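Novice: Contents are compact mmCIF, C-alpha atoms; file name entry_18.txt:
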```
# COMPACT_ATOMS: atom_id res chain seq x y z
CA MET G 1 38.03 140.62 100.93
CA LYS G 2 41.58 139.90 99.88
CA LYS G 3 43.55 142.32 97.69
CA THR G 4 45.88 141.23 94.90
CA PHE G 5 47.74 142.70 91.96
CA TYR G 6 47.22 141.53 88.45
CA HIS G 7 49.03 142.59 85.31
CA SER G 8 47.00 143.83 82.37
CA PHE G 9 48.77 142.21 79.41
CA ILE G 10 46.17 143.30 76.87
CA THR G 11 47.22 146.56 75.26
CA LEU G 12 44.81 149.13 73.93
CA LYS G 13 44.96 149.93 70.22
CA GLU G 14 46.08 153.49 71.04
CA GLU G 15 48.95 152.17 73.15
CA GLU G 16 50.14 149.89 70.34
CA GLN G 17 50.01 152.61 67.70
CA ALA G 18 51.44 155.44 69.82
CA PRO G 19 54.99 156.38 68.86
CA ASN G 20 57.19 155.14 71.64
CA SER G 21 60.27 157.26 72.29
CA ASN G 22 61.49 154.54 74.59
CA THR G 23 63.06 151.49 72.98
CA ASN G 24 62.11 149.32 75.94
CA GLN G 25 59.46 146.68 75.55
CA TYR G 26 55.91 147.26 76.69
CA GLN G 27 55.58 147.14 80.48
CA PRO G 28 52.13 145.88 81.47
CA PRO G 29 50.53 148.05 84.16
CA ARG G 30 49.71 146.57 87.56
CA VAL G 31 46.18 146.95 88.85
CA LEU G 32 45.03 146.34 92.42
CA ILE G 33 41.79 144.38 92.65
CA GLU G 34 39.71 142.70 95.36
CA ILE G 35 39.05 138.99 95.29
CA ARG G 36 36.90 136.87 97.55
CA ASP G 37 38.74 134.77 100.10
CA ILE G 38 38.24 131.11 99.27
CA TYR G 39 39.66 130.06 102.62
CA PRO G 40 38.90 132.13 105.69
CA TYR G 41 41.95 133.75 107.19
CA SER G 42 42.82 132.34 110.58
CA THR G 43 45.23 134.02 112.95
CA GLN G 44 47.42 131.83 115.10
CA SER G 45 48.61 134.86 117.04
CA GLN G 46 47.24 138.35 117.52
CA TRP G 47 50.63 139.80 116.57
CA GLN G 48 50.84 138.87 112.90
CA ILE G 49 53.78 141.17 112.17
CA LYS G 50 56.72 140.54 114.47
CA LYS G 51 60.11 142.09 113.91
CA ILE G 52 63.40 143.07 115.44
CA LEU G 53 64.22 146.74 114.90
CA THR G 54 67.17 147.66 112.70
CA HIS G 55 69.50 150.64 112.99
CA HIS G 56 67.89 152.25 109.93
CA GLU G 57 64.35 151.96 111.35
CA VAL G 58 65.38 153.47 114.69
CA ALA G 59 67.34 156.32 113.06
CA ILE G 60 64.44 157.49 110.86
CA GLY G 61 61.48 156.51 113.05
CA LYS G 62 59.84 154.35 110.39
CA LEU G 63 58.98 150.66 110.56
CA LEU G 64 59.70 148.72 107.38
CA LEU G 65 56.74 146.51 106.52
CA PRO G 66 57.39 143.92 103.83
CA PHE G 67 55.07 143.69 100.83
CA SER G 68 53.77 140.26 101.90
CA ASP G 69 52.94 141.39 105.45
CA MET G 70 51.02 144.44 104.22
CA PHE G 71 48.95 142.37 101.80
CA GLU G 72 48.26 139.47 104.15
CA HIS G 73 47.74 141.31 107.42
CA VAL G 74 46.70 144.90 106.64
CA PHE G 75 45.31 145.41 103.12
CA ARG G 76 43.04 142.42 103.68
CA TYR G 77 40.99 144.59 106.04
CA TRP G 78 41.19 147.90 104.15
CA ASN G 79 38.69 148.85 101.48
CA ILE G 80 39.95 148.85 97.89
CA PHE G 81 40.05 152.66 97.67
CA MET G 82 42.25 153.06 100.75
CA ALA G 83 44.64 150.28 99.66
CA ASN G 84 44.81 151.68 96.13
CA HIS G 85 45.62 155.13 97.51
CA VAL G 86 48.77 153.75 99.17
CA VAL G 87 49.70 151.63 96.15
CA LEU G 88 49.49 154.69 93.90
CA GLY G 89 52.14 156.38 96.05
CA TYR G 90 50.13 158.49 98.45
CA LYS G 91 50.43 158.59 102.22
CA VAL G 92 47.52 157.28 104.29
CA ASN G 93 47.23 158.55 107.86
CA VAL G 94 46.65 155.84 110.44
CA ILE G 95 46.00 155.52 114.16
CA ILE G 96 48.39 153.46 116.28
CA TRP G 97 47.49 152.13 119.72
CA ASP G 98 50.42 151.23 121.98
CA VAL G 99 49.01 148.40 124.07
CA THR G 100 52.32 147.29 125.60
CA ASP G 101 51.30 148.18 129.16
CA GLN G 102 47.63 147.36 128.73
CA LYS G 103 47.74 144.38 131.10
CA MET G 104 49.14 146.51 133.92
CA ASN G 105 47.11 149.70 133.75
CA ASN G 106 44.53 148.97 131.02
CA ASN G 107 45.25 152.38 129.48
CA PRO G 108 46.68 152.14 125.94
CA THR G 109 48.31 155.18 124.34
CA ARG G 110 46.85 156.48 121.07
CA TYR G 111 48.99 158.04 118.35
CA ARG G 112 47.42 159.80 115.41
CA GLY G 113 47.81 162.80 113.15
CA GLU G 114 50.05 163.80 110.29
CA GLY G 115 53.11 162.09 111.80
CA PHE G 116 51.56 158.62 111.58
CA TYR G 117 51.09 157.24 108.09
CA VAL G 118 51.72 154.33 105.76
CA GLU G 119 53.46 154.85 102.43
CA MET G 120 54.85 152.66 99.67
CA LEU G 121 58.56 152.46 98.90
CA PRO G 122 59.99 152.16 95.36
CA ASN G 123 60.79 148.46 95.96
CA ASP G 124 57.10 147.65 96.74
CA ASP G 125 57.66 147.41 100.50
CA TYR G 126 55.93 149.84 102.86
CA THR G 127 56.83 152.03 105.82
CA LEU G 128 54.83 152.95 108.88
CA THR G 129 56.04 156.36 110.04
CA CYS G 130 55.76 156.77 113.81
CA MET G 131 58.68 158.87 115.14
CA GLU G 132 56.81 159.95 118.29
CA LEU G 133 56.17 156.30 119.23
CA PHE G 134 59.89 155.55 118.82
CA LYS G 135 60.75 158.46 121.14
CA ASP G 136 58.08 157.72 123.78
CA ARG G 137 58.97 154.02 123.97
CA ASN G 138 62.71 154.77 123.70
CA LEU G 139 62.97 152.07 121.02
CA SER G 140 66.46 150.97 120.08
CA VAL G 141 68.24 148.54 117.78
CA ASP G 142 67.37 144.87 118.34
CA ASP G 143 64.16 145.60 120.30
CA GLU G 144 61.47 143.05 119.42
CA ILE G 145 58.05 144.47 118.56
CA GLY G 146 54.69 143.25 117.32
CA LEU G 147 52.11 144.91 115.08
CA CYS G 148 48.67 143.99 113.90
CA TRP G 149 45.79 145.72 112.15
CA ASP G 150 42.63 145.91 114.23
CA PRO G 151 39.71 145.88 111.75
CA ARG G 152 37.19 146.78 114.47
CA GLY G 153 39.03 149.99 115.39
CA SER G 154 40.59 150.60 111.95
CA SER G 155 43.97 151.08 113.56
CA PHE G 156 47.34 149.46 114.15
CA GLN G 157 48.06 147.90 117.50
CA PHE G 158 51.66 147.97 118.68
CA THR G 159 53.42 146.11 121.46
CA LEU G 160 56.99 145.93 122.69
CA PHE G 161 57.90 142.29 123.38
CA CYS G 162 61.51 142.59 124.39
CA LYS G 163 63.66 145.64 125.16
CA THR G 164 67.41 145.27 124.62
CA LEU G 165 69.80 146.48 127.27
CA ASN G 166 71.92 149.18 125.65
```
Please re-express this file's structure in structure tokens.

Specialist:
Amino acid sequence: MKKTFYHSFITLKEEEQAPNSNTNQYQPPRVLIEIRDIYPYSTQSQWQIKKILTHHEVAIGKLLLPFSDMFEHVFRYWNIFMANHVVLGYKVNVIIWDVTDQKMNNNPTRYRGEGFYVEMLPNDDYTLTCMELFKDRNLSVDDEIGLCWDPRGSSFQFTLFCKTLN
């Protein structure tokens, strides 16, 4: 099921009649709902989220995930309660599998616990906190990585495509 936001433009009678100390106009609340996919989602590549790391991401150990990527490639596979939890501003712990070296030794590294979570930023983008992964992989600015959500394992999969020479 696909997730989407809709704005509730219909105000309740109590909201209209309540004295508003704010002189701003009424801001309709956003509500996250599930809708049925009309067209099945097809993946051209396993690594739906590809990015080049920035200085800010490396310094704080958090991957910036744009709003569109989270909705199209992650929230699509989460249940409505889990997605709503993040949208309401809470942190959701996740598991990350580093499968970069999987072809060589077939032994991916699992990261989980309190240090690995997704949270929403004030600008509606999201972050994936994974400081230990940054340290273990010695990630640096301009490294190219790939991420995807694995619905079978309910976890992120991570790979390092290209390491810069610093």

Novice: In Å, rounded to a single decimal, give me how far atom CA of Phe71 of chain G is from atom CA of Asp98 of chain G.

Specialist: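 These two atoms are separated by 22.1 Å.
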
Novice: Could you please determine the separation between atom CA of Thr54 of chain G and atom CA of Asp142 of chain G in Å, to one decimal place?

Specialist: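 Computing it gives 6.3 Å between the two atoms.
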
Novice: Residues near Arg152 of chain G, anyone? I mean within 10 Å using only C-alpha atoms, not counting same-chain ones fewer than 3 positions away, as number ranges by chain.

Specialist: G: 77, 149, 155

Novice: Report the distance between atom CA of Ala59 of chain G and atom CA of Pro151 of chain G in Å, rounded to one decimal place.

Specialist: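 Distance reported for this atom pair: 29.6 Å.
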
Novice: Which residues come within 8 Å of Lys163 of chain G, counting only C-alpha atoms, excluding same-chain residues fewer than 2 positions away, as a list in words?

Specialist: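 Selected residues are Leu139, Ser140, Asp142, Asp143, Glu144, Leu160, Phe161 and Leu165 of chain G.
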
Novice: For the selection just defined, write its residues with C-alpha atoms to a file, as a short mmCIF file (atom, residue, chain, number, x, y, z; two decimals), in the coordinates of the input.

Specialist:
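Writing the result to out-v2.cif gives the following:
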```cif
data_model
loop_
_atom_site.label_atom_id
_atom_site.label_comp_id
_atom_site.auth_asym_id
_atom_site.auth_seq_id
_atom_site.Cartn_x
_atom_site.Cartn_y
_atom_site.Cartn_z
CA LEU G 139 62.97 152.07 121.02
CA SER G 140 66.46 150.97 120.08
CA ASP G 142 67.37 144.87 118.34
CA ASP G 143 64.16 145.60 120.30
CA GLU G 144 61.47 143.05 119.42
CA LEU G 160 56.99 145.93 122.69
CA PHE G 161 57.90 142.29 123.38
CA LEU G 165 69.80 146.48 127.27
#
```

Novice: Which residues come within 7 Å of Tyr126 of chain G, counting all atoms listed in the file, excluding same-chain residues fewer than 3 positions away, as a list in words?

Specialist: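 Listing them by chain and then by number gives Leu64, Leu65, Pro66, Phe67, Val118, Glu119, Met120 and Leu121 of chain G.
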
Novice: Write out, as a PDB file, in the coordinates of the input, the residues just selected, with C-alpha atoms.

Specialist:
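Result went into out34.pdb, see below:
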```
ATOM      1  CA  LEU G  64      59.700 148.720 107.380  1.00  0.00           C
ATOM      2  CA  LEU G  65      56.740 146.510 106.520  1.00  0.00           C
ATOM      3  CA  PRO G  66      57.390 143.920 103.830  1.00  0.00           C
ATOM      4  CA  PHE G  67      55.070 143.690 100.830  1.00  0.00           C
ATOM      5  CA  VAL G 118      51.720 154.330 105.760  1.00  0.00           C
ATOM      6  CA  GLU G 119      53.460 154.850 102.430  1.00  0.00           C
ATOM      7  CA  MET G 120      54.850 152.660  99.670  1.00  0.00           C
ATOM      8  CA  LEU G 121      58.560 152.460  98.900  1.00  0.00           C
TER       9      LEU G 121
END
```

Novice: G:Ile60, G:Val92, G:Leu147, G:Val74: which is nearest Cys130 of chain G, counting only C-alpha atoms?

Specialist: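 Ranked by minimum distance to Cys130 of chain G, first place goes to G:Ile60.
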
Novice: Which is closest to Thr127 of chain G among G:Val94, G:Lys50, G:Gly153, G:Lys62, if we use all atoms listed in the file?

Specialist: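 Smallest distance to Thr127 of chain G is found for G:Lys62.
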
Novice: Taking into account only C-alpha atoms, which residue in the set G:Ile52, G:Met70, G:Val99, G:Leu133 is nearest to Val87 of chain G?

Specialist: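 Going through G:Ile52, G:Met70, G:Val99, G:Leu133 one by one, the smallest distance to Val87 of chain G is for G:Met70.
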
Novice: Find the spatial neighbours of Gly113 of chain G, counting all atoms listed in the file, within a cut-off of 9 Å - ignore same-chain residues fewer than 3 positions away - and output them as an mmCIF file with C-alpha atoms, in the coordinates of the input.

Specialist:
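out.cif was written with the following content:
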```cif
data_model
loop_
_atom_site.group_PDB
_atom_site.id
_atom_site.type_symbol
_atom_site.label_atom_id
_atom_site.label_comp_id
_atom_site.auth_asym_id
_atom_site.auth_seq_id
_atom_site.Cartn_x
_atom_site.Cartn_y
_atom_site.Cartn_z
ATOM 1 C CA ASN G 93 47.230 158.550 107.860
ATOM 2 C CA VAL G 94 46.650 155.840 110.440
ATOM 3 C CA ILE G 95 46.000 155.520 114.160
ATOM 4 C CA PHE G 116 51.560 158.620 111.580
ATOM 5 C CA TYR G 117 51.090 157.240 108.090
#
```

Novice: Which is closest to Gly146 of chain G among G:Gln48, G:Asn107, G:Thr129, G:Thr164, if we use all atoms listed in the file?

Specialist: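 Going through G:Gln48, G:Asn107, G:Thr129, G:Thr164 one by one, the smallest distance to Gly146 of chain G is for G:Gln48.
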
Novice: If I only have part of segment 96-117 of chain G, can you fill in N, CA, C and O atoms and write it as an mmCIF file, keeping the file's coordinate frame?

Specialist:
```
data_model
loop_
_atom_site.group_PDB
_atom_site.id
_atom_site.type_symbol
_atom_site.label_atom_id
_atom_site.label_comp_id
_atom_site.auth_asym_id
_atom_site.auth_seq_id
_atom_site.Cartn_x
_atom_site.Cartn_y
_atom_site.Cartn_z
ATOM 1 N N ILE G 96 47.625 154.537 115.660
ATOM 2 C CA ILE G 96 48.390 153.460 116.280
ATOM 3 C C ILE G 96 48.080 153.458 117.770
ATOM 4 O O ILE G 96 48.169 154.494 118.426
ATOM 5 N N TRP G 97 47.711 152.295 118.289
ATOM 6 C CA TRP G 97 47.490 152.130 119.720
ATOM 7 C C TRP G 97 48.661 151.343 120.293
ATOM 8 O O TRP G 97 48.941 150.223 119.860
ATOM 9 N N ASP G 98 49.351 151.918 121.268
ATOM 10 C CA ASP G 98 50.420 151.230 121.980
ATOM 11 C C ASP G 98 49.783 150.505 123.150
ATOM 12 O O ASP G 98 49.385 151.118 124.136
ATOM 13 N N VAL G 99 49.676 149.195 123.035
ATOM 14 C CA VAL G 99 49.010 148.400 124.070
ATOM 15 C C VAL G 99 50.012 147.585 124.886
ATOM 16 O O VAL G 99 49.639 146.608 125.539
ATOM 17 N N THR G 100 51.270 148.006 124.883
ATOM 18 C CA THR G 100 52.320 147.290 125.600
ATOM 19 C C THR G 100 51.995 147.133 127.072
ATOM 20 O O THR G 100 52.130 146.059 127.642
ATOM 21 N N ASP G 101 51.564 148.193 127.723
ATOM 22 C CA ASP G 101 51.300 148.180 129.160
ATOM 23 C C ASP G 101 49.841 147.948 129.491
ATOM 24 O O ASP G 101 49.408 148.190 130.610
ATOM 25 N N GLN G 102 49.071 147.489 128.529
ATOM 26 C CA GLN G 102 47.630 147.360 128.730
ATOM 27 C C GLN G 102 47.283 146.393 129.862
ATOM 28 O O GLN G 102 46.336 146.613 130.601
ATOM 29 N N LYS G 103 48.057 145.348 130.046
ATOM 30 C CA LYS G 103 47.740 144.380 131.100
ATOM 31 C C LYS G 103 47.919 144.980 132.487
ATOM 32 O O LYS G 103 47.222 144.647 133.421
ATOM 33 N N MET G 104 48.869 145.920 132.604
ATOM 34 C CA MET G 104 49.140 146.510 133.920
ATOM 35 C C MET G 104 48.143 147.606 134.288
ATOM 36 O O MET G 104 47.572 147.595 135.350
ATOM 37 N N ASN G 105 47.960 148.569 133.380
ATOM 38 C CA ASN G 105 47.110 149.700 133.750
ATOM 39 C C ASN G 105 45.875 149.862 132.855
ATOM 40 O O ASN G 105 45.114 150.790 133.032
ATOM 41 N N ASN G 106 45.714 148.967 131.896
ATOM 42 C CA ASN G 106 44.530 148.970 131.020
ATOM 43 C C ASN G 106 44.288 150.332 130.389
ATOM 44 O O ASN G 106 43.153 150.759 130.219
ATOM 45 N N ASN G 107 45.360 151.044 130.050
ATOM 46 C CA ASN G 107 45.250 152.380 129.480
ATOM 47 C C ASN G 107 46.188 152.527 128.287
ATOM 48 O O ASN G 107 47.266 153.072 128.421
ATOM 49 N N PRO G 108 45.791 152.043 127.097
ATOM 50 C CA PRO G 108 46.680 152.140 125.940
ATOM 51 C C PRO G 108 46.867 153.593 125.502
ATOM 52 O O PRO G 108 46.033 154.450 125.753
ATOM 53 N N THR G 109 48.000 153.850 124.838
ATOM 54 C CA THR G 109 48.310 155.180 124.340
ATOM 55 C C THR G 109 47.952 155.250 122.858
ATOM 56 O O THR G 109 48.328 154.364 122.090
ATOM 57 N N ARG G 110 47.254 156.323 122.465
ATOM 58 C CA ARG G 110 46.850 156.480 121.070
ATOM 59 C C ARG G 110 47.751 157.501 120.388
ATOM 60 O O ARG G 110 48.002 158.573 120.921
ATOM 61 N N TYR G 111 48.201 157.145 119.194
ATOM 62 C CA TYR G 111 48.990 158.040 118.350
ATOM 63 C C TYR G 111 48.238 158.238 117.046
ATOM 64 O O TYR G 111 47.826 157.274 116.407
ATOM 65 N N ARG G 112 48.089 159.503 116.675
ATOM 66 C CA ARG G 112 47.420 159.800 115.410
ATOM 67 C C ARG G 112 47.831 161.179 114.934
ATOM 68 O O ARG G 112 48.453 161.946 115.667
ATOM 69 N N GLY G 113 47.490 161.502 113.716
ATOM 70 C CA GLY G 113 47.810 162.800 113.150
ATOM 71 C C GLY G 113 48.692 162.666 111.932
ATOM 72 O O GLY G 113 48.867 161.585 111.376
ATOM 73 N N GLU G 114 49.262 163.782 111.515
ATOM 74 C CA GLU G 114 50.050 163.800 110.290
ATOM 75 C C GLU G 114 51.351 163.021 110.412
ATOM 76 O O GLU G 114 51.938 162.614 109.414
ATOM 77 N N GLY G 115 51.846 162.795 111.616
ATOM 78 C CA GLY G 115 53.110 162.090 111.800
ATOM 79 C C GLY G 115 52.987 160.580 111.802
ATOM 80 O O GLY G 115 53.976 159.875 112.000
ATOM 81 N N PHE G 116 51.793 160.065 111.550
ATOM 82 C CA PHE G 116 51.560 158.620 111.580
ATOM 83 C C PHE G 116 50.873 158.213 110.286
ATOM 84 O O PHE G 116 49.684 158.459 110.101
ATOM 85 N N TYR G 117 51.648 157.603 109.397
ATOM 86 C CA TYR G 117 51.090 157.240 108.090
ATOM 87 C C TYR G 117 51.833 156.058 107.497
ATOM 88 O O TYR G 117 52.939 155.714 107.882
#
```
